[in-house]
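Worksheet: one structure, shown below.
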Amino acid sequence: MSRHLTYAQAILEATDLCLGADPNVYLMGLGVPDPKGIFGTTLGLREKYGARVLDMPTSENGMTGVALGSAVVGMRPILTHQRVDFALLSMEQLANEAAKWHYMFGGIMKAPMVVRSIIGRGWGNGPQHSQSLQAWFAHVPGLKVVMPATPHDAKGLLIASVEDDNPVIFLEHRWLHYISGPVPEGRYTEPLGVARVLREGRDVTIAALSYMSLEAHKAARMLAERDIDAEIVDVRSLRPFDAGAVARSVEKTGRLIVADTGWEFGGFSAEIVAQMAERCFGKLKAPPRRVALPDCPTPTSAALSKHYYPRAIHVARAAAEMLGRQDADSLFAEETGAPLDVPDKSFTGPF
Amino acid sequence: MDSRLRRQLFHDTLRIRLIEEEIAARYGEQEMRTPVHLSIGQEACAVGACAALRTSDYAFGSHRSHGHYLAKGGDLTAMLAELYGRATGCCRGKGGSMHLVDLKVGFLGATSIVASTIPIAAGSAFASKLRGEDRVTAVFLGEAATEEGVFHEAANFATLHKLPLVFFCENNLYSVYSGLEVRQPAHRPTWASAKGHGLRVLYGDGNDLEEAYELSLKSVDAARAGEGPVFLELATYRWREHCGHNYDNHIGYRTEAEYQAWRARCPIERAQQRLIADGLLGAAEVDEMRARIDAEVKAAFEAARNAPWPEPEEMATQVYAEGANAT
Ligand SMILES: Cc1ncc(C[n+]2csc(CCOP(=O)(O)OP(=O)(O)O)c2C)c(N)n1
Ligand SMILES: [Mg+2]
């Protein structure tokens, strides 16, 4: 019988296993040992591992360099950011130094480090606390980038990220922390660079990133009621990107939707569409579609943010339109009533 | 100190307290759907600073800037409407509690990234200097902001160019739930790193309204006189949780006893007792003051809550400014 954990608990367990297995692993970030423990993902670790689990000054740029320097001499740091927006202060060290340390010294050194960052959403988190910047990191050769969508993958991919000899950016969507699902006991890894088919289908491929995998699932259920059979490929790893897995699906269905948590313009969805256009152009029965963020910053007011985030209905409508259904909008009507700026009713802010 | 001014400072501090208490009281209604960082307990710092500034002086804030915005003269209803996500909010609903602005009074913006407005404030001070304006820029920061690189970069540049800039640093001992001891060395006070950059440094009791004012005045006067940037550190304490409306002394990062000790040094009660002792204020007058403020606050909340929502199209407007200045 498989055990259920939340995504946050899965991350905690993976971190615990890594700290326990290797004395070179350490965990550092603002608030790591505090009573809230990074949304529950680091609780109890300070008590268990002492000095290897630490808070830090509010100095993201410098501390990223500290993590890197320790990695260069054999440690395996995990650095956390409570928002990916704060990881922007890490960017110089990550893009200029960590990403290139192995390459620019001719492969004689390596930089095994993990940077966990959380993508915020909802409750008026607004322009500077809810960006989804995976494309920035994925753009840089030398960085690996993963975005697990399930508790199972959160644990397996985090352990694999810590084991990996390269800098890995590990992006968690805030709304996923609450999701619960089966998580095996003990140590296991999910390979970096491998996508996962979450649902098989014939008619349309939905390649989804992170939280959008859940919305894609909802969309697939809605589509099934309308006799449209969607296949969902959870991309999981942006770099390395498993183009083969997405291509196999697109070759089967002939239709591609990419559902991303980030901006459409210059986003990772553009990379997926471009690669599929190059690989499977002859098999495409319709122009690919992207379901991603509109071309503006995140507005704070709930009256605006409810129009900002794409959801299952938008994925479903895109699929129906690609299949030539004339009535896509009316087939999948707007939800009424429930607030759209919280993952569920139990969420009462302010985070 | 002039007795009218002393009463005015007291009034302004009490007003901020009552406004934020009302935000706290209503936050549970879940209509203000934006993270709020209340400054309850720290109000005297904001009032002291802004009383030393002119309306024409510039100010920048941070995530915890309701008090700074209000003390600088920011429009109350526009702030509350922003918290309620309305079209009439100071950012038209695009910003929320951490993004306050009122250009009429020189409050050029608060943003939510720690330390991020510090170099921006150095930039406006630099502009004032280049243009030969008689204008000081104030930047409000928490003590944790001095741990960020941009603080040091901005401090260095400001000293280099003798900018008319005052760093108002409220040291409330915490960054979220992290005490100073895990962030800064015990043998080096926060202000000492500013001193290392060559800034003039002043420090004092941020829960003593009149002291906060006197130190602020000294700082602003020096910056205005062209003596270069000043770093003023004021010791104070946040009463409620880092973000949100509750108390959180029970969760384990600080003690109830520490909180009670600071609460006993309430800046408002202390100022009030002193004014009463000096015969400048009577109990009845305080009640009157409270009643007037209550009425103002009630009306502002009503106006904010009844204000229209932004139209959906507003979401994607104002991404770029229109026009250009071709010469
Ligand atoms: C660059 C950056 N890192 C982390 C955060 C998260 N954060 C928000 S407020 C805050 C505390 C800052 O403490 P301080 O500057 O002392 O201000 P206080 O909250 O005590 O008023 C932190 C760490 C952030 N907003 N920006
Ligand atoms: Mg502080």
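FYI, nothing fancy with the structure tokens labels: chains A, B, ... in order, residues from 1 per chain, ligands from 1 as they appear.
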
Report as a ChimeraX atom specification all protein, DNA and RNA residues lying within 9 Å of stretch 98-107 of chain B, evaluated on only C-alpha atoms, omitting residues in the same chain fewer than 4 positions from it.
/B:34-37,54-66,68-69,72-75,78-79,82,90-91,94,111-112

Near-stretch 219-236 of chain A list (9 Å; only C-alpha atoms; drop same-chain fewer than 2 positions) as an mmCIF file with N, CA and C atoms, in the first residue's frame:
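What ended up in part_30.cif:
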data_model
loop_
_atom_site.group_PDB
_atom_site.id
_atom_site.type_symbol
_atom_site.label_atom_id
_atom_site.label_comp_id
_atom_site.auth_asym_id
_atom_site.auth_seq_id
_atom_site.Cartn_x
_atom_site.Cartn_y
_atom_site.Cartn_z
ATOM 1 N N VAL A 145 17.416 22.574 -14.892
ATOM 2 C CA VAL A 145 16.202 23.184 -14.345
ATOM 3 C C VAL A 145 15.093 22.136 -14.274
ATOM 4 N N VAL A 146 14.563 21.923 -13.081
ATOM 5 C CA VAL A 146 13.444 20.983 -12.952
ATOM 6 C C VAL A 146 12.256 21.649 -12.273
ATOM 7 N N MET A 147 11.057 21.177 -12.632
ATOM 8 C CA MET A 147 9.811 21.698 -12.055
ATOM 9 C C MET A 147 8.863 20.538 -11.778
ATOM 10 N N PRO A 148 9.092 19.815 -10.676
ATOM 11 C CA PRO A 148 8.216 18.677 -10.396
ATOM 12 C C PRO A 148 6.775 19.118 -10.133
ATOM 13 N N ALA A 149 5.832 18.263 -10.532
ATOM 14 C CA ALA A 149 4.418 18.593 -10.361
ATOM 15 C C ALA A 149 3.729 17.720 -9.322
ATOM 16 N N ASP A 153 7.364 13.008 -7.627
ATOM 17 C CA ASP A 153 8.476 13.559 -8.400
ATOM 18 C C ASP A 153 9.260 14.592 -7.603
ATOM 19 N N LEU A 157 13.037 13.806 -7.695
ATOM 20 C CA LEU A 157 13.843 14.784 -8.437
ATOM 21 C C LEU A 157 14.748 15.598 -7.517
ATOM 22 N N LEU A 192 16.887 13.310 -13.946
ATOM 23 C CA LEU A 192 16.754 14.638 -14.542
ATOM 24 C C LEU A 192 16.723 14.458 -16.060
ATOM 25 N N GLY A 193 15.890 15.231 -16.730
ATOM 26 C CA GLY A 193 15.912 15.162 -18.189
ATOM 27 C C GLY A 193 14.942 14.156 -18.783
ATOM 28 N N VAL A 194 14.016 13.669 -17.981
ATOM 29 C CA VAL A 194 13.039 12.703 -18.500
ATOM 30 C C VAL A 194 11.628 13.197 -18.194
ATOM 31 N N ALA A 195 10.819 13.323 -19.256
ATOM 32 C CA ALA A 195 9.432 13.741 -19.059
ATOM 33 C C ALA A 195 8.597 12.537 -18.640
ATOM 34 N N ARG A 196 7.386 12.810 -18.179
ATOM 35 C CA ARG A 196 6.519 11.711 -17.742
ATOM 36 C C ARG A 196 5.156 11.858 -18.418
ATOM 37 N N VAL A 197 4.690 10.764 -18.992
ATOM 38 C CA VAL A 197 3.339 10.792 -19.562
ATOM 39 C C VAL A 197 2.358 10.568 -18.415
ATOM 40 N N LEU A 198 1.588 11.589 -18.107
ATOM 41 C CA LEU A 198 0.664 11.498 -16.969
ATOM 42 C C LEU A 198 -0.661 10.862 -17.375
ATOM 43 N N ARG A 199 -0.990 11.003 -18.649
ATOM 44 C CA ARG A 199 -2.261 10.439 -19.116
ATOM 45 C C ARG A 199 -2.091 10.151 -20.595
ATOM 46 N N GLU A 200 -2.534 8.999 -21.007
ATOM 47 C CA GLU A 200 -2.429 8.678 -22.429
ATOM 48 C C GLU A 200 -3.695 9.078 -23.153
ATOM 49 N N GLY A 201 -3.539 9.525 -24.401
ATOM 50 C CA GLY A 201 -4.711 9.926 -25.188
ATOM 51 C C GLY A 201 -4.342 9.997 -26.653
ATOM 52 N N ARG A 202 -5.352 10.084 -27.503
ATOM 53 C CA ARG A 202 -5.113 9.997 -28.951
ATOM 54 C C ARG A 202 -5.154 11.339 -29.663
ATOM 55 N N ASP A 203 -5.950 12.303 -29.123
ATOM 56 C CA ASP A 203 -6.354 13.433 -29.950
ATOM 57 C C ASP A 203 -5.448 14.658 -29.872
ATOM 58 N N VAL A 204 -4.916 14.913 -28.712
ATOM 59 C CA VAL A 204 -4.135 16.137 -28.542
ATOM 60 C C VAL A 204 -3.113 15.929 -27.427
ATOM 61 N N THR A 205 -1.921 16.456 -27.618
ATOM 62 C CA THR A 205 -0.881 16.393 -26.591
ATOM 63 C C THR A 205 -0.893 17.688 -25.793
ATOM 64 N N ILE A 206 -0.961 17.554 -24.491
ATOM 65 C CA ILE A 206 -0.790 18.742 -23.639
ATOM 66 C C ILE A 206 0.542 18.561 -22.911
ATOM 67 N N ALA A 207 1.530 19.355 -23.312
ATOM 68 C CA ALA A 207 2.816 19.341 -22.605
ATOM 69 C C ALA A 207 2.706 20.398 -21.518
ATOM 70 N N ALA A 208 2.798 19.958 -20.260
ATOM 71 C CA ALA A 208 2.526 20.880 -19.160
ATOM 72 C C ALA A 208 3.723 21.003 -18.236
ATOM 73 N N LEU A 209 3.858 22.201 -17.661
ATOM 74 C CA LEU A 209 4.932 22.467 -16.719
ATOM 75 C C LEU A 209 4.359 22.681 -15.331
ATOM 76 N N SER A 210 4.966 22.030 -14.351
ATOM 77 C CA SER A 210 4.706 22.316 -12.949
ATOM 78 C C SER A 210 3.209 22.289 -12.654
ATOM 79 N N MET A 212 0.754 23.589 -13.944
ATOM 80 C CA MET A 212 -0.150 23.478 -15.092
ATOM 81 C C MET A 212 -0.460 22.029 -15.437
ATOM 82 N N SER A 213 0.350 21.089 -14.934
ATOM 83 C CA SER A 213 0.019 19.675 -15.114
ATOM 84 C C SER A 213 -1.308 19.340 -14.442
ATOM 85 N N LEU A 214 -1.544 19.966 -13.286
ATOM 86 C CA LEU A 214 -2.807 19.715 -12.590
ATOM 87 C C LEU A 214 -3.980 20.303 -13.361
ATOM 88 N N GLU A 215 -3.782 21.508 -13.874
ATOM 89 C CA GLU A 215 -4.847 22.127 -14.664
ATOM 90 C C GLU A 215 -5.077 21.309 -15.940
ATOM 91 N N ALA A 216 -3.994 20.769 -16.486
ATOM 92 C CA ALA A 216 -4.123 19.947 -17.693
ATOM 93 C C ALA A 216 -4.936 18.690 -17.392
ATOM 94 N N HIS A 217 -4.718 18.154 -16.206
ATOM 95 C CA HIS A 217 -5.491 16.973 -15.788
ATOM 96 C C HIS A 217 -6.976 17.268 -15.731
ATOM 97 N N LEU A 238 13.212 20.964 -17.583
ATOM 98 C CA LEU A 238 13.323 21.906 -18.704
ATOM 99 C C LEU A 238 14.707 21.816 -19.323
ATOM 100 N N PHE A 241 16.021 18.927 -21.569
ATOM 101 C CA PHE A 241 14.629 18.830 -22.006
ATOM 102 C C PHE A 241 14.436 17.529 -22.780
ATOM 103 N N ASP A 242 13.414 16.802 -22.404
ATOM 104 C CA ASP A 242 13.144 15.506 -23.023
ATOM 105 C C ASP A 242 12.307 15.711 -24.282
ATOM 106 N N ALA A 245 10.349 12.617 -25.751
ATOM 107 C CA ALA A 245 9.078 12.186 -25.159
ATOM 108 C C ALA A 245 7.922 13.028 -25.689
ATOM 109 N N VAL A 246 8.150 14.334 -25.793
ATOM 110 C CA VAL A 246 7.076 15.199 -26.293
ATOM 111 C C VAL A 246 6.830 14.901 -27.776
ATOM 112 N N SER A 249 4.746 11.844 -28.463
ATOM 113 C CA SER A 249 3.328 12.091 -28.228
ATOM 114 C C SER A 249 2.716 12.910 -29.364
ATOM 115 N N THR A 253 -0.532 12.196 -31.744
ATOM 116 C CA THR A 253 -1.800 12.948 -31.715
ATOM 117 C C THR A 253 -1.890 13.975 -32.845
ATOM 118 N N ARG A 311 -6.343 28.568 -16.820
ATOM 119 C CA ARG A 311 -6.783 27.423 -16.025
ATOM 120 C C ARG A 311 -7.242 26.291 -16.953
ATOM 121 N N ALA A 312 -7.794 25.267 -16.317
ATOM 122 C CA ALA A 312 -8.221 24.089 -17.083
ATOM 123 C C ALA A 312 -9.135 24.466 -18.249
ATOM 124 N N ILE A 313 -10.070 25.376 -18.006
ATOM 125 C CA ILE A 313 -10.999 25.708 -19.104
ATOM 126 C C ILE A 313 -10.259 26.284 -20.309
ATOM 127 N N HIS A 314 -9.194 27.012 -20.063
ATOM 128 C CA HIS A 314 -8.466 27.596 -21.189
ATOM 129 C C HIS A 314 -7.723 26.515 -21.979
ATOM 130 N N VAL A 315 -7.202 25.536 -21.248
ATOM 131 C CA VAL A 315 -6.542 24.414 -21.922
ATOM 132 C C VAL A 315 -7.591 23.636 -22.722
ATOM 133 N N ALA A 316 -8.729 23.390 -22.080
ATOM 134 C CA ALA A 316 -9.785 22.604 -22.735
ATOM 135 C C ALA A 316 -10.305 23.329 -23.981
ATOM 136 N N ARG A 317 -10.502 24.630 -23.864
ATOM 137 C CA ARG A 317 -10.985 25.388 -25.020
ATOM 138 C C ARG A 317 -9.990 25.332 -26.173
ATOM 139 N N ALA A 319 -7.908 23.021 -26.810
ATOM 140 C CA ALA A 319 -7.948 21.682 -27.416
ATOM 141 C C ALA A 319 -9.175 21.551 -28.316
ATOM 142 N N ALA A 320 -10.306 22.005 -27.802
ATOM 143 C CA ALA A 320 -11.543 21.879 -28.585
ATOM 144 C C ALA A 320 -11.441 22.675 -29.887
ATOM 145 N N LEU A 323 -9.447 20.956 -32.447
ATOM 146 C CA LEU A 323 -10.157 19.824 -33.043
ATOM 147 C C LEU A 323 -11.351 20.290 -33.862
ATOM 148 N N LEU A 331 -18.786 25.207 -24.542
ATOM 149 C CA LEU A 331 -18.585 23.850 -24.016
ATOM 150 C C LEU A 331 -17.941 23.901 -22.641
ATOM 151 N N PHE A 332 -17.005 24.840 -22.497
ATOM 152 C CA PHE A 332 -16.258 24.918 -21.239
ATOM 153 C C PHE A 332 -16.454 26.302 -20.645
#

Residues within 8 Å of ligand 2, counting only C-alpha atoms and all ligand atoms: report them as a ChimeraX atom specification.
/B:142-144,170-176

Env of B:Ser3: 12 Å cut, atoms = only C-alpha atoms, seq-sep filter 3 positions within chain, self excluded. Answer as a list in words.
Arg6, Arg7, Gln8, Leu9, Phe10, Glu210, Arg274, Leu275, Ile276, Asp278, Gly279, Leu280 and Leu281 of chain B

Please save all heavy atoms of the selected residues as a compact mmCIF listing (two decimals), in the first residue's frame.
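again-v7.txt, freshly written:
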# COMPACT_ATOMS: atom_id res chain seq x y z
N ARG B 6 4.64 69.09 19.21
CA ARG B 6 4.60 67.86 20.02
C ARG B 6 3.22 67.22 19.96
O ARG B 6 3.09 66.01 19.85
CB ARG B 6 4.95 68.17 21.48
CG ARG B 6 6.43 68.48 21.67
CD ARG B 6 6.75 68.83 23.11
NE ARG B 6 6.52 67.71 24.02
CZ ARG B 6 6.57 67.80 25.34
NH1 ARG B 6 6.83 68.97 25.92
NH2 ARG B 6 6.35 66.75 26.10
N ARG B 7 2.20 68.07 20.00
CA ARG B 7 0.82 67.53 19.92
C ARG B 7 0.54 66.96 18.53
O ARG B 7 -0.12 65.94 18.38
CB ARG B 7 -0.19 68.63 20.26
CG ARG B 7 -0.20 68.98 21.73
CD ARG B 7 -0.88 70.33 21.95
NE ARG B 7 -2.19 70.37 21.31
CZ ARG B 7 -3.34 70.43 21.98
NH1 ARG B 7 -3.33 70.46 23.30
NH2 ARG B 7 -4.48 70.47 21.34
N GLN B 8 1.07 67.67 17.55
CA GLN B 8 0.87 67.21 16.17
C GLN B 8 1.52 65.83 15.95
O GLN B 8 0.92 64.94 15.35
CB GLN B 8 1.46 68.23 15.19
CG GLN B 8 1.21 67.91 13.72
CD GLN B 8 -0.27 67.99 13.36
OE1 GLN B 8 -0.95 68.94 13.75
NE2 GLN B 8 -0.77 67.01 12.63
N LEU B 9 2.75 65.69 16.44
CA LEU B 9 3.44 64.41 16.29
C LEU B 9 2.65 63.30 16.97
O LEU B 9 2.50 62.20 16.42
CB LEU B 9 4.85 64.48 16.92
CG LEU B 9 5.88 65.40 16.26
CD1 LEU B 9 7.21 65.34 17.03
CD2 LEU B 9 6.11 65.04 14.80
N PHE B 10 2.14 63.61 18.14
CA PHE B 10 1.35 62.61 18.86
C PHE B 10 0.12 62.23 18.05
O PHE B 10 -0.20 61.05 17.88
CB PHE B 10 0.94 63.16 20.24
CG PHE B 10 -0.03 62.27 20.94
CD1 PHE B 10 0.40 61.06 21.50
CD2 PHE B 10 -1.38 62.60 21.00
CE1 PHE B 10 -0.51 60.22 22.13
CE2 PHE B 10 -2.29 61.75 21.63
CZ PHE B 10 -1.85 60.56 22.19
N GLU B 210 9.64 61.87 20.45
CA GLU B 210 10.34 63.15 20.34
C GLU B 210 11.82 62.95 20.02
O GLU B 210 12.40 63.71 19.25
CB GLU B 210 10.11 63.97 21.61
CG GLU B 210 8.65 64.43 21.62
CD GLU B 210 8.16 65.00 22.94
OE1 GLU B 210 9.00 65.34 23.78
OE2 GLU B 210 6.92 65.09 23.09
N ARG B 274 3.77 61.86 28.57
CA ARG B 274 4.63 63.03 28.67
C ARG B 274 3.85 64.32 28.39
O ARG B 274 4.00 65.31 29.10
CB ARG B 274 5.80 62.90 27.70
CG ARG B 274 7.12 63.20 28.37
CD ARG B 274 8.27 63.06 27.43
NE ARG B 274 8.67 61.67 27.25
CZ ARG B 274 9.45 61.24 26.25
NH1 ARG B 274 9.87 62.09 25.33
NH2 ARG B 274 9.79 59.99 26.16
N LEU B 275 3.02 64.27 27.38
CA LEU B 275 2.23 65.46 27.06
C LEU B 275 1.28 65.81 28.19
O LEU B 275 1.08 66.98 28.53
CB LEU B 275 1.44 65.23 25.76
CG LEU B 275 2.26 65.28 24.47
CD1 LEU B 275 1.42 64.82 23.29
CD2 LEU B 275 2.78 66.70 24.22
N ILE B 276 0.71 64.78 28.79
CA ILE B 276 -0.22 65.04 29.90
C ILE B 276 0.55 65.60 31.09
O ILE B 276 0.16 66.60 31.71
CB ILE B 276 -0.99 63.75 30.26
CG1 ILE B 276 -1.99 63.44 29.12
CG2 ILE B 276 -1.73 63.92 31.59
CD1 ILE B 276 -2.75 62.15 29.27
N ASP B 278 3.22 67.27 31.06
CA ASP B 278 3.64 68.64 30.78
C ASP B 278 2.48 69.61 30.63
O ASP B 278 2.66 70.77 30.24
CB ASP B 278 4.51 68.68 29.50
CG ASP B 278 5.84 67.97 29.70
OD1 ASP B 278 6.17 67.63 30.86
OD2 ASP B 278 6.54 67.73 28.70
N GLY B 279 1.27 69.09 30.88
CA GLY B 279 0.10 69.94 30.81
C GLY B 279 -0.27 70.38 29.41
O GLY B 279 -0.98 71.36 29.21
N LEU B 280 0.18 69.62 28.40
CA LEU B 280 -0.10 70.01 27.01
C LEU B 280 -1.28 69.25 26.43
O LEU B 280 -1.70 69.51 25.31
CB LEU B 280 1.13 69.77 26.14
CG LEU B 280 2.35 70.64 26.49
CD1 LEU B 280 3.56 70.22 25.67
CD2 LEU B 280 2.03 72.11 26.26
N LEU B 281 -1.79 68.31 27.18
CA LEU B 281 -2.86 67.47 26.66
C LEU B 281 -3.66 66.95 27.83
O LEU B 281 -3.10 66.58 28.86
CB LEU B 281 -2.22 66.29 25.89
CG LEU B 281 -3.06 65.50 24.93
CD1 LEU B 281 -3.47 66.36 23.73
CD2 LEU B 281 -2.27 64.29 24.43

If the cut-off is 6 Å, can you tell me the residues of chain B near chain A, counting only C-alpha atoms? I'd like them as a PDB file with C-alpha atoms, in the first residue's frame.
ATOM      1  CA  ARG B  33      -6.546  40.089  -0.512  1.00  0.00           C
ATOM      2  CA  THR B  34      -2.958  41.245  -0.368  1.00  0.00           C
ATOM      3  CA  PRO B  35      -0.189  40.429   2.116  1.00  0.00           C
ATOM      4  CA  GLY B  85      -7.801  46.020  -4.867  1.00  0.00           C
ATOM      5  CA  GLY B  93      -5.163  47.859  -7.860  1.00  0.00           C
ATOM      6  CA  LYS B  94      -1.987  46.766  -9.571  1.00  0.00           C
ATOM      7  CA  GLY B  95       0.262  46.996  -6.523  1.00  0.00           C
ATOM      8  CA  GLY B  96      -1.382  46.169  -3.200  1.00  0.00           C
ATOM      9  CA  GLU B 147      22.641  42.809   4.681  1.00  0.00           C
ATOM     10  CA  GLU B 148      21.975  43.146   0.965  1.00  0.00           C
ATOM     11  CA  TYR B 177      11.243  35.004  12.103  1.00  0.00           C
ATOM     12  CA  ARG B 183      22.223  37.539  10.365  1.00  0.00           C
ATOM     13  CA  GLY B 244      -0.670  39.402   8.503  1.00  0.00           C
ATOM     14  CA  PRO B 312     -10.573  43.499 -16.698  1.00  0.00           C
ATOM     15  CA  MET B 315      -4.790  44.181 -16.375  1.00  0.00           C
ATOM     16  CA  ALA B 316      -2.687  44.637 -19.492  1.00  0.00           C
TER      17      ALA B 316
END

What residues in stretch 58-154 of chain B get the DSSP label helix (DSSP H, G or I)? Please answer as a count of residues only.
43

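Nearest to B:Gln42 of all the residues B:Thr236, B:Ser216, B:Thr77, B:Asn156 is B:Thr236, counting only C-alpha atoms.
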
Please measure the separation of atom CA of B:Arg265 and atom CA of B:Ala115, giving the value in Å to one decimal.
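Interatomic distance, atom CA of B:Arg265 to atom CA of B:Ala115: 27.7 Å.
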
Stretch 3-18 of chain A surroundings by only C-alpha atoms, 10 Å radius, close-in-sequence under 6 positions cut, as JSON, numbers by chain
{"A": [24, 25, 26, 27, 37, 38, 39, 40, 41, 42, 43, 44, 45, 48, 49, 76, 78, 148, 149, 150, 151, 152, 153, 154, 155, 156, 157, 158, 159, 160, 162, 163, 172, 173, 174, 175, 176, 177, 178, 179, 180, 181, 182, 183, 184, 185, 186, 187, 188, 189]}

For the residues selected in the previous step, produce a file with C-alpha atoms as a compact mmCIF listing (two decimals), in the first residue's frame.
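File selection_36.txt, as written:
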# COMPACT_ATOMS: atom_id res chain seq x y z
CA ASN A 24 28.77 17.20 2.52
CA VAL A 25 25.14 18.13 1.98
CA TYR A 26 23.98 21.25 3.76
CA LEU A 27 20.84 23.37 3.61
CA GLY A 37 10.26 26.06 7.91
CA ILE A 38 9.85 27.23 4.29
CA PHE A 39 6.19 26.24 4.06
CA GLY A 40 6.92 23.08 6.05
CA THR A 41 9.68 21.79 3.78
CA THR A 42 12.54 22.20 6.28
CA LEU A 43 10.84 21.61 9.64
CA GLY A 44 12.85 19.72 12.23
CA LEU A 45 16.04 19.55 10.16
CA LYS A 48 18.45 16.89 13.56
CA TYR A 49 21.50 18.14 11.65
CA ARG A 76 26.71 19.83 -1.87
CA ILE A 78 20.96 23.28 -1.10
CA PRO A 148 8.22 18.68 -10.40
CA ALA A 149 4.42 18.59 -10.36
CA THR A 150 3.68 15.70 -8.00
CA PRO A 151 4.83 14.75 -4.49
CA HIS A 152 6.39 11.60 -5.93
CA ASP A 153 8.48 13.56 -8.40
CA ALA A 154 9.30 16.29 -5.90
CA LYS A 155 11.05 13.73 -3.73
CA GLY A 156 12.71 11.75 -6.50
CA LEU A 157 13.84 14.78 -8.44
CA LEU A 158 15.17 16.59 -5.38
CA ILE A 159 17.33 13.63 -4.41
CA ALA A 160 18.55 13.33 -8.01
CA VAL A 162 21.41 16.83 -4.93
CA GLU A 163 23.24 13.84 -6.38
CA GLU A 172 8.31 24.61 -6.72
CA HIS A 173 4.94 26.16 -7.36
CA ARG A 174 3.42 27.48 -4.16
CA TRP A 175 0.06 25.85 -4.82
CA LEU A 176 1.66 22.44 -5.26
CA HIS A 177 2.91 22.37 -1.69
CA TYR A 178 -0.62 21.46 -0.59
CA ILE A 179 -1.13 18.65 -3.09
CA SER A 180 -0.97 15.17 -1.66
CA GLY A 181 -0.15 11.95 -3.48
CA PRO A 182 1.59 8.60 -3.19
CA VAL A 183 5.25 8.81 -2.23
CA PRO A 184 7.39 5.68 -1.81
CA GLU A 185 9.36 5.30 1.40
CA GLY A 186 13.13 5.46 1.41
CA ARG A 187 15.60 6.72 -1.09
CA TYR A 188 14.77 6.76 -4.79
CA THR A 189 15.54 9.11 -7.65

When DSSP is applied to the backbone of this structure, which of stretch 85-311 of chain A are assigned strand (DSSP E or B)? Write them out as a ChimeraX atom specification.
/A:114-119,144-146,168-173,180-182,196-199,204-208,230-234,237-239,256-263,289-293

List the neighbours of B:His161 out to 12 Å using only C-alpha atoms; skip same-chain residues closer than 6 positions along the sequence, and give me the result as a VMD selection string.
chain B and resid 122 to 123 125 to 130 154 to 155 198 to 199 223 226 to 229

Atom CA of B:Val47 and atom CA of B:Ala295 are how many Å apart?
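The value is 20.8 Å.
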
Mind checking which residues fall within 12 Å of B:Pro189, counting only C-alpha atoms, ignoring those fewer than 4 positions away in the same chain, and posting them as a list in words?
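That gives Glu143, Thr146, Asn171, Leu173, Leu180, Glu181, Arg183, Gln184, Pro185, Ser193, Ala194, Lys195, Gly196, Val201, Leu202, Tyr203, Glu233, Leu234 and Ala235 of chain B.
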
Among the residues B:Thr190, B:Thr88, B:Gln30, B:Ser219, the one that comes closest to ligand 1 [using only C-alpha atoms and all ligand atoms]:
B:Thr190

I need the residue nearest ligand 1 from this list: B:Ala110, B:Leu209, B:Cys243, B:Leu163. Use only C-alpha atoms and all ligand atoms for the distance.
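Under the stated criterion, the closest residue is B:Cys243.
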
For ligand 1, which residue out of A:Gln82, A:Thr64, A:Thr336, A:Gln275 is the nearest one, using only C-alpha atoms and all ligand atoms?
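Once distances to ligand 1 are computed over only C-alpha atoms and all ligand atoms, the minimum belongs to A:Gln82.
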
Using only C-alpha atoms and all ligand atoms, can you tell me which of B:Thr137, B:Thr13, B:Ser178, B:Ser124 comes closest to ligand 1?
B:Ser178
